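Peer 1: Here you go, one structure.
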Amino acid sequence: KNEAAWLRRALSAVVHQSCRPRDIIVVDNASSDESAAVAARYGCHVVPITNEEFSFGRALNRGIAAASGEWVASLSAHSIPVDDGWLTGFLIPQCAAPFLAACYGRQEPLPESSDFDKRDLWTTFGAEPRLQRGQDHFFHNANSLIRRSVWERVPFDEGLRGVEDRDWA
């Protein structure tokens, strides 16, 4: 909702990926800024969701349902890919792993991020990759790749007001 400034940056990075996405879906929560117009300029399919219907889980479910393919990337407008290998970096190793349900990338703070946000992001994600198994239930959908067949069996909980990604994990 009302993410036009971030959306321009995110979509510019997405359309310049070395592995171009099959389709780009933008779920828009009744924005009053130019979010929908920005999405249209980048050739995105806009899926509307009203304020009354909105939950993060419902927005994710609608976006994933509108996308095609066995793997669906999820990217929040404020999560800007750092280079043109963002999507390839997700897809190449992940598609070869039949046991994998989903993966997520860390979020790095932007130069304009507040000191509080910088500390929070580095504390949450660290600098080293990790493989989660078993009872490690952390997941972060702001920058993630989800196997559609897993999501079809276990969609995001639309009744939660937040942390739907951790609940899903």
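By convention in this document, the chains of the structure tokens carry letters A, B, ... by their order, each chain's residues are numbered from 1, and ligands are numbered from 1 in the order they are shown.
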If we count only C-alpha atoms and set the cut-off at 12 Å, which residues sit around Gly126 of chain A, ignoring sequence neighbours fewer than 2 positions away in its own chain? Please answer as an MDAnalysis selection string.
Peer 2: chainID A and resid 105:109 118:124 128:130
Peer 1: Pull all heavy atoms from the residues just selected and write them as a short mmCIF file (atom, residue, chain, number, x, y, z; two decimals), in the first residue's frame.
Peer 2:
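That gives us selection-v6.cif:
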```
data_model
loop_
_atom_site.label_atom_id
_atom_site.label_comp_id
_atom_site.auth_asym_id
_atom_site.auth_seq_id
_atom_site.Cartn_x
_atom_site.Cartn_y
_atom_site.Cartn_z
N GLY A 105 16.11 -14.96 1.24
CA GLY A 105 17.37 -14.24 1.25
C GLY A 105 17.37 -13.23 2.37
O GLY A 105 16.32 -12.75 2.79
N ARG A 106 18.54 -12.93 2.83
CA ARG A 106 18.62 -11.94 3.89
C ARG A 106 18.32 -10.57 3.31
O ARG A 106 18.45 -10.35 2.11
CB ARG A 106 19.97 -11.98 4.57
CG ARG A 106 21.11 -11.58 3.69
CD ARG A 106 22.42 -11.81 4.44
NE ARG A 106 23.48 -11.78 3.47
CZ ARG A 106 24.48 -10.92 3.52
NH1 ARG A 106 24.56 -10.06 4.50
NH2 ARG A 106 25.41 -10.94 2.60
N GLN A 107 17.95 -9.69 4.17
CA GLN A 107 17.76 -8.30 3.79
C GLN A 107 18.91 -7.50 4.35
O GLN A 107 19.24 -7.61 5.53
CB GLN A 107 16.45 -7.76 4.37
CG GLN A 107 15.23 -8.22 3.61
CD GLN A 107 14.00 -7.58 4.18
OE1 GLN A 107 13.34 -8.19 5.01
NE2 GLN A 107 13.71 -6.37 3.76
N GLU A 108 19.54 -6.74 3.50
CA GLU A 108 20.61 -5.86 3.93
C GLU A 108 20.04 -4.45 4.05
O GLU A 108 19.21 -4.05 3.25
CB GLU A 108 21.75 -5.87 2.92
CG GLU A 108 22.44 -7.20 2.80
CD GLU A 108 23.57 -7.19 1.78
OE1 GLU A 108 23.92 -6.11 1.27
OE2 GLU A 108 24.09 -8.28 1.49
N PRO A 109 20.49 -3.70 5.03
CA PRO A 109 20.00 -2.34 5.16
C PRO A 109 20.46 -1.47 4.00
O PRO A 109 21.55 -1.68 3.44
CB PRO A 109 20.58 -1.86 6.48
CG PRO A 109 21.71 -2.77 6.78
CD PRO A 109 21.44 -4.06 6.08
N LYS A 118 18.98 -0.97 10.67
CA LYS A 118 20.25 -1.61 10.31
C LYS A 118 20.61 -2.69 11.34
O LYS A 118 20.94 -3.82 10.98
CB LYS A 118 21.37 -0.58 10.22
CG LYS A 118 21.28 0.31 9.02
CD LYS A 118 22.37 1.36 9.03
CE LYS A 118 22.21 2.30 7.84
NZ LYS A 118 23.22 3.36 7.83
N ARG A 119 20.52 -2.33 12.61
CA ARG A 119 20.83 -3.29 13.68
C ARG A 119 19.89 -4.48 13.61
O ARG A 119 20.32 -5.64 13.71
CB ARG A 119 20.73 -2.61 15.04
CG ARG A 119 21.16 -3.56 16.18
CD ARG A 119 20.59 -3.18 17.49
NE ARG A 119 19.14 -3.35 17.39
CZ ARG A 119 18.28 -2.87 18.26
NH1 ARG A 119 18.67 -2.19 19.28
NH2 ARG A 119 16.99 -3.06 18.10
N ASP A 120 18.60 -4.23 13.42
CA ASP A 120 17.61 -5.30 13.37
C ASP A 120 17.88 -6.26 12.20
O ASP A 120 17.83 -7.48 12.37
CB ASP A 120 16.21 -4.70 13.27
CG ASP A 120 15.13 -5.76 13.33
OD1 ASP A 120 15.21 -6.64 14.20
OD2 ASP A 120 14.20 -5.71 12.49
N LEU A 121 18.17 -5.72 11.04
CA LEU A 121 18.41 -6.58 9.86
C LEU A 121 19.68 -7.40 10.03
O LEU A 121 19.69 -8.60 9.72
CB LEU A 121 18.48 -5.73 8.59
CG LEU A 121 17.14 -5.14 8.15
CD1 LEU A 121 17.34 -4.16 7.01
CD2 LEU A 121 16.16 -6.24 7.75
N TRP A 122 20.77 -6.82 10.51
CA TRP A 122 22.00 -7.59 10.69
C TRP A 122 21.84 -8.63 11.80
O TRP A 122 22.37 -9.74 11.70
CB TRP A 122 23.20 -6.68 10.96
CG TRP A 122 23.64 -5.94 9.73
CD1 TRP A 122 23.68 -4.59 9.56
CD2 TRP A 122 24.07 -6.50 8.48
NE1 TRP A 122 24.11 -4.28 8.29
CE2 TRP A 122 24.36 -5.44 7.61
CE3 TRP A 122 24.24 -7.80 8.01
CZ2 TRP A 122 24.82 -5.62 6.30
CZ3 TRP A 122 24.69 -7.99 6.70
CH2 TRP A 122 24.97 -6.91 5.87
N THR A 123 21.08 -8.30 12.83
CA THR A 123 20.85 -9.26 13.92
C THR A 123 19.99 -10.43 13.42
O THR A 123 20.26 -11.59 13.72
CB THR A 123 20.15 -8.57 15.11
OG1 THR A 123 20.99 -7.53 15.58
CG2 THR A 123 19.87 -9.55 16.24
N THR A 124 18.96 -10.12 12.64
CA THR A 124 18.04 -11.15 12.16
C THR A 124 18.68 -12.07 11.12
O THR A 124 18.55 -13.29 11.19
CB THR A 124 16.78 -10.51 11.55
OG1 THR A 124 16.15 -9.71 12.55
CG2 THR A 124 15.81 -11.56 11.03
N GLU A 128 26.14 -14.84 7.07
CA GLU A 128 26.45 -16.17 6.56
C GLU A 128 25.19 -16.93 6.14
O GLU A 128 24.16 -16.86 6.80
CB GLU A 128 27.17 -16.99 7.63
CG GLU A 128 28.49 -16.40 8.08
CD GLU A 128 29.49 -16.29 6.95
OE1 GLU A 128 29.57 -17.23 6.12
OE2 GLU A 128 30.19 -15.27 6.88
N PRO A 129 25.25 -17.68 5.03
CA PRO A 129 24.10 -18.50 4.64
C PRO A 129 23.86 -19.62 5.65
O PRO A 129 24.79 -20.04 6.35
CB PRO A 129 24.50 -19.10 3.29
CG PRO A 129 25.84 -18.58 2.96
CD PRO A 129 26.36 -17.78 4.12
N ARG A 130 22.64 -20.09 5.71
CA ARG A 130 22.35 -21.22 6.60
C ARG A 130 21.25 -22.08 5.99
O ARG A 130 20.39 -21.61 5.26
CB ARG A 130 21.97 -20.74 7.99
CG ARG A 130 20.67 -19.99 8.05
CD ARG A 130 20.39 -19.53 9.46
NE ARG A 130 19.09 -18.90 9.50
CZ ARG A 130 18.67 -18.16 10.47
NH1 ARG A 130 19.43 -17.95 11.51
NH2 ARG A 130 17.49 -17.62 10.44
#
```
Peer 1: Can you pull out every residue within 7 Å of segment 57-71 of chain A, counting only C-alpha atoms, but drop anything in the same chain fewer than 4 positions away, and send it as a list in words?
Peer 2: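 The filter keeps Asp23, Ile25, Val27, Val47, Leu145, Ile146, Arg147, Arg148, Ser149, Pro155, Phe156, Asp157, Glu158 and Glu164 of chain A.
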Peer 1: Please identify all polymer residues within 12 Å of Ser18 of chain A, counting only C-alpha atoms, omitting same-chain residues fewer than 6 positions from it, and present them as a VMD selection string.
Peer 2: chain A and resid 83 to 89 91
Peer 1: Just write the chosen residues, all heavy atoms, as an mmCIF file, in the first residue's frame.
Peer 2:
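Contents of selection_34.cif, freshly written:
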```
data_model
loop_
_atom_site.group_PDB
_atom_site.id
_atom_site.type_symbol
_atom_site.label_atom_id
_atom_site.label_comp_id
_atom_site.auth_asym_id
_atom_site.auth_seq_id
_atom_site.Cartn_x
_atom_site.Cartn_y
_atom_site.Cartn_z
ATOM 1 N N ASP A 83 21.661 -6.987 -7.169
ATOM 2 C CA ASP A 83 22.299 -7.113 -8.477
ATOM 3 C C ASP A 83 21.385 -7.893 -9.420
ATOM 4 O O ASP A 83 20.285 -8.297 -9.045
ATOM 5 C CB ASP A 83 23.677 -7.773 -8.360
ATOM 6 C CG ASP A 83 23.622 -9.160 -7.731
ATOM 7 O OD1 ASP A 83 22.626 -9.896 -7.935
ATOM 8 O OD2 ASP A 83 24.585 -9.524 -7.032
ATOM 9 N N ASP A 84 21.860 -8.143 -10.644
ATOM 10 C CA ASP A 84 21.024 -8.822 -11.645
ATOM 11 C C ASP A 84 21.035 -10.338 -11.496
ATOM 12 O O ASP A 84 20.422 -11.047 -12.285
ATOM 13 C CB ASP A 84 21.429 -8.415 -13.062
ATOM 14 C CG ASP A 84 22.812 -8.901 -13.456
ATOM 15 O OD1 ASP A 84 23.530 -9.497 -12.613
ATOM 16 O OD2 ASP A 84 23.196 -8.683 -14.617
ATOM 17 N N GLY A 85 21.698 -10.851 -10.462
ATOM 18 C CA GLY A 85 21.729 -12.292 -10.217
ATOM 19 C C GLY A 85 20.848 -12.731 -9.068
ATOM 20 O O GLY A 85 20.904 -13.888 -8.652
ATOM 21 N N TRP A 86 20.005 -11.825 -8.560
ATOM 22 C CA TRP A 86 19.138 -12.153 -7.416
ATOM 23 C C TRP A 86 18.279 -13.378 -7.709
ATOM 24 O O TRP A 86 18.302 -14.354 -6.964
ATOM 25 C CB TRP A 86 18.260 -10.951 -7.075
ATOM 26 C CG TRP A 86 17.076 -11.272 -6.227
ATOM 27 C CD1 TRP A 86 17.070 -11.585 -4.899
ATOM 28 C CD2 TRP A 86 15.711 -11.326 -6.639
ATOM 29 N NE1 TRP A 86 15.793 -11.824 -4.460
ATOM 30 C CE2 TRP A 86 14.932 -11.675 -5.521
ATOM 31 C CE3 TRP A 86 15.071 -11.115 -7.851
ATOM 32 C CZ2 TRP A 86 13.552 -11.815 -5.572
ATOM 33 C CZ3 TRP A 86 13.694 -11.250 -7.914
ATOM 34 C CH2 TRP A 86 12.955 -11.598 -6.772
ATOM 35 N N LEU A 87 17.540 -13.378 -8.800
ATOM 36 C CA LEU A 87 16.622 -14.476 -9.089
ATOM 37 C C LEU A 87 17.372 -15.755 -9.463
ATOM 38 O O LEU A 87 17.023 -16.840 -9.007
ATOM 39 C CB LEU A 87 15.651 -14.067 -10.204
ATOM 40 C CG LEU A 87 14.456 -14.955 -10.425
ATOM 41 C CD1 LEU A 87 13.666 -15.176 -9.139
ATOM 42 C CD2 LEU A 87 13.543 -14.349 -11.490
ATOM 43 N N THR A 88 18.419 -15.635 -10.236
ATOM 44 C CA THR A 88 19.233 -16.806 -10.586
ATOM 45 C C THR A 88 19.839 -17.427 -9.338
ATOM 46 O O THR A 88 19.884 -18.653 -9.206
ATOM 47 C CB THR A 88 20.350 -16.408 -11.566
ATOM 48 O OG1 THR A 88 19.756 -15.810 -12.709
ATOM 49 C CG2 THR A 88 21.166 -17.608 -11.987
ATOM 50 N N GLY A 89 20.274 -16.601 -8.417
ATOM 51 C CA GLY A 89 20.852 -17.101 -7.170
ATOM 52 C C GLY A 89 19.876 -17.924 -6.369
ATOM 53 O O GLY A 89 20.261 -18.865 -5.671
ATOM 54 N N LEU A 91 17.104 -19.544 -7.885
ATOM 55 C CA LEU A 91 16.585 -20.656 -8.677
ATOM 56 C C LEU A 91 17.567 -21.787 -8.918
ATOM 57 O O LEU A 91 17.206 -22.948 -8.805
ATOM 58 C CB LEU A 91 16.076 -20.134 -10.025
ATOM 59 C CG LEU A 91 14.810 -19.307 -9.958
ATOM 60 C CD1 LEU A 91 14.479 -18.730 -11.329
ATOM 61 C CD2 LEU A 91 13.642 -20.140 -9.459
#
```
Peer 1: Need to verify the contact set: Leu131 of chain A, 12 Å, only C-alpha atoms, exclusion of same-chain residues closer than 4 positions in sequence. Can you return it as a ChimeraX atom specification?
Peer 2: /A:94,97,99-105,135-139
Peer 1: Keeping only N, CA and C atoms, write the selected residues to a file as an mmCIF file, in the first residue's frame.
Peer 2:
```
data_model
loop_
_atom_site.group_PDB
_atom_site.id
_atom_site.type_symbol
_atom_site.label_atom_id
_atom_site.label_comp_id
_atom_site.auth_asym_id
_atom_site.auth_seq_id
_atom_site.Cartn_x
_atom_site.Cartn_y
_atom_site.Cartn_z
ATOM 1 N N GLN A 94 18.247 -24.007 -5.746
ATOM 2 C CA GLN A 94 17.017 -24.453 -5.097
ATOM 3 C C GLN A 94 16.262 -25.489 -5.928
ATOM 4 N N ALA A 97 17.074 -29.120 -5.498
ATOM 5 C CA ALA A 97 16.882 -29.714 -4.177
ATOM 6 C C ALA A 97 15.424 -30.137 -4.005
ATOM 7 N N PHE A 99 13.896 -31.710 -1.779
ATOM 8 C CA PHE A 99 13.382 -31.664 -0.414
ATOM 9 C C PHE A 99 13.046 -30.247 0.033
ATOM 10 N N LEU A 100 13.390 -29.250 -0.758
ATOM 11 C CA LEU A 100 13.256 -27.859 -0.350
ATOM 12 C C LEU A 100 11.830 -27.344 -0.546
ATOM 13 N N ALA A 101 11.251 -26.776 0.503
ATOM 14 C CA ALA A 101 9.912 -26.179 0.437
ATOM 15 C C ALA A 101 9.988 -24.718 0.033
ATOM 16 N N ALA A 102 10.983 -24.026 0.540
ATOM 17 C CA ALA A 102 11.128 -22.595 0.282
ATOM 18 C C ALA A 102 12.522 -22.161 0.712
ATOM 19 N N CYS A 103 12.898 -20.986 0.293
ATOM 20 C CA CYS A 103 14.133 -20.386 0.768
ATOM 21 C C CYS A 103 13.930 -18.884 0.823
ATOM 22 N N TYR A 104 14.749 -18.235 1.586
ATOM 23 C CA TYR A 104 14.649 -16.789 1.672
ATOM 24 C C TYR A 104 16.045 -16.192 1.661
ATOM 25 N N GLY A 105 16.105 -14.963 1.237
ATOM 26 C CA GLY A 105 17.369 -14.244 1.245
ATOM 27 C C GLY A 105 17.372 -13.230 2.369
ATOM 28 N N GLN A 135 13.126 -28.429 13.307
ATOM 29 C CA GLN A 135 12.347 -27.525 14.148
ATOM 30 C C GLN A 135 12.759 -26.061 14.038
ATOM 31 N N ASP A 136 13.592 -25.708 13.081
ATOM 32 C CA ASP A 136 13.967 -24.306 12.871
ATOM 33 C C ASP A 136 12.880 -23.669 12.018
ATOM 34 N N HIS A 137 11.992 -22.922 12.631
ATOM 35 C CA HIS A 137 10.779 -22.444 11.975
ATOM 36 C C HIS A 137 10.857 -20.991 11.533
ATOM 37 N N PHE A 138 12.014 -20.494 11.197
ATOM 38 C CA PHE A 138 12.125 -19.116 10.726
ATOM 39 C C PHE A 138 11.965 -19.078 9.211
ATOM 40 N N PHE A 139 11.219 -18.119 8.724
ATOM 41 C CA PHE A 139 11.069 -17.873 7.296
ATOM 42 C C PHE A 139 10.738 -16.403 7.144
#
```
Peer 1: Would you give me, as a list of chain:residue names, the residues in chain A that DSSP reads as strand (DSSP E or B)?
Peer 2: A:Ile25, A:Val26, A:Val27, A:Asp28, A:His45, A:Val46, A:Val47, A:Pro48, A:Trp71, A:Val72, A:Ala73, A:Ser74, A:Leu75, A:Ala102, A:Cys103, A:Tyr104, A:Asn143, A:Ser144, A:Leu145, A:Ile146, A:Arg147
Peer 1: Can you measure atom CA of Ser31 of chain A to atom CA of Val72 of chain A for me? One decimal in Å is fine.
Peer 2: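 These two atoms are separated by 23.6 Å.
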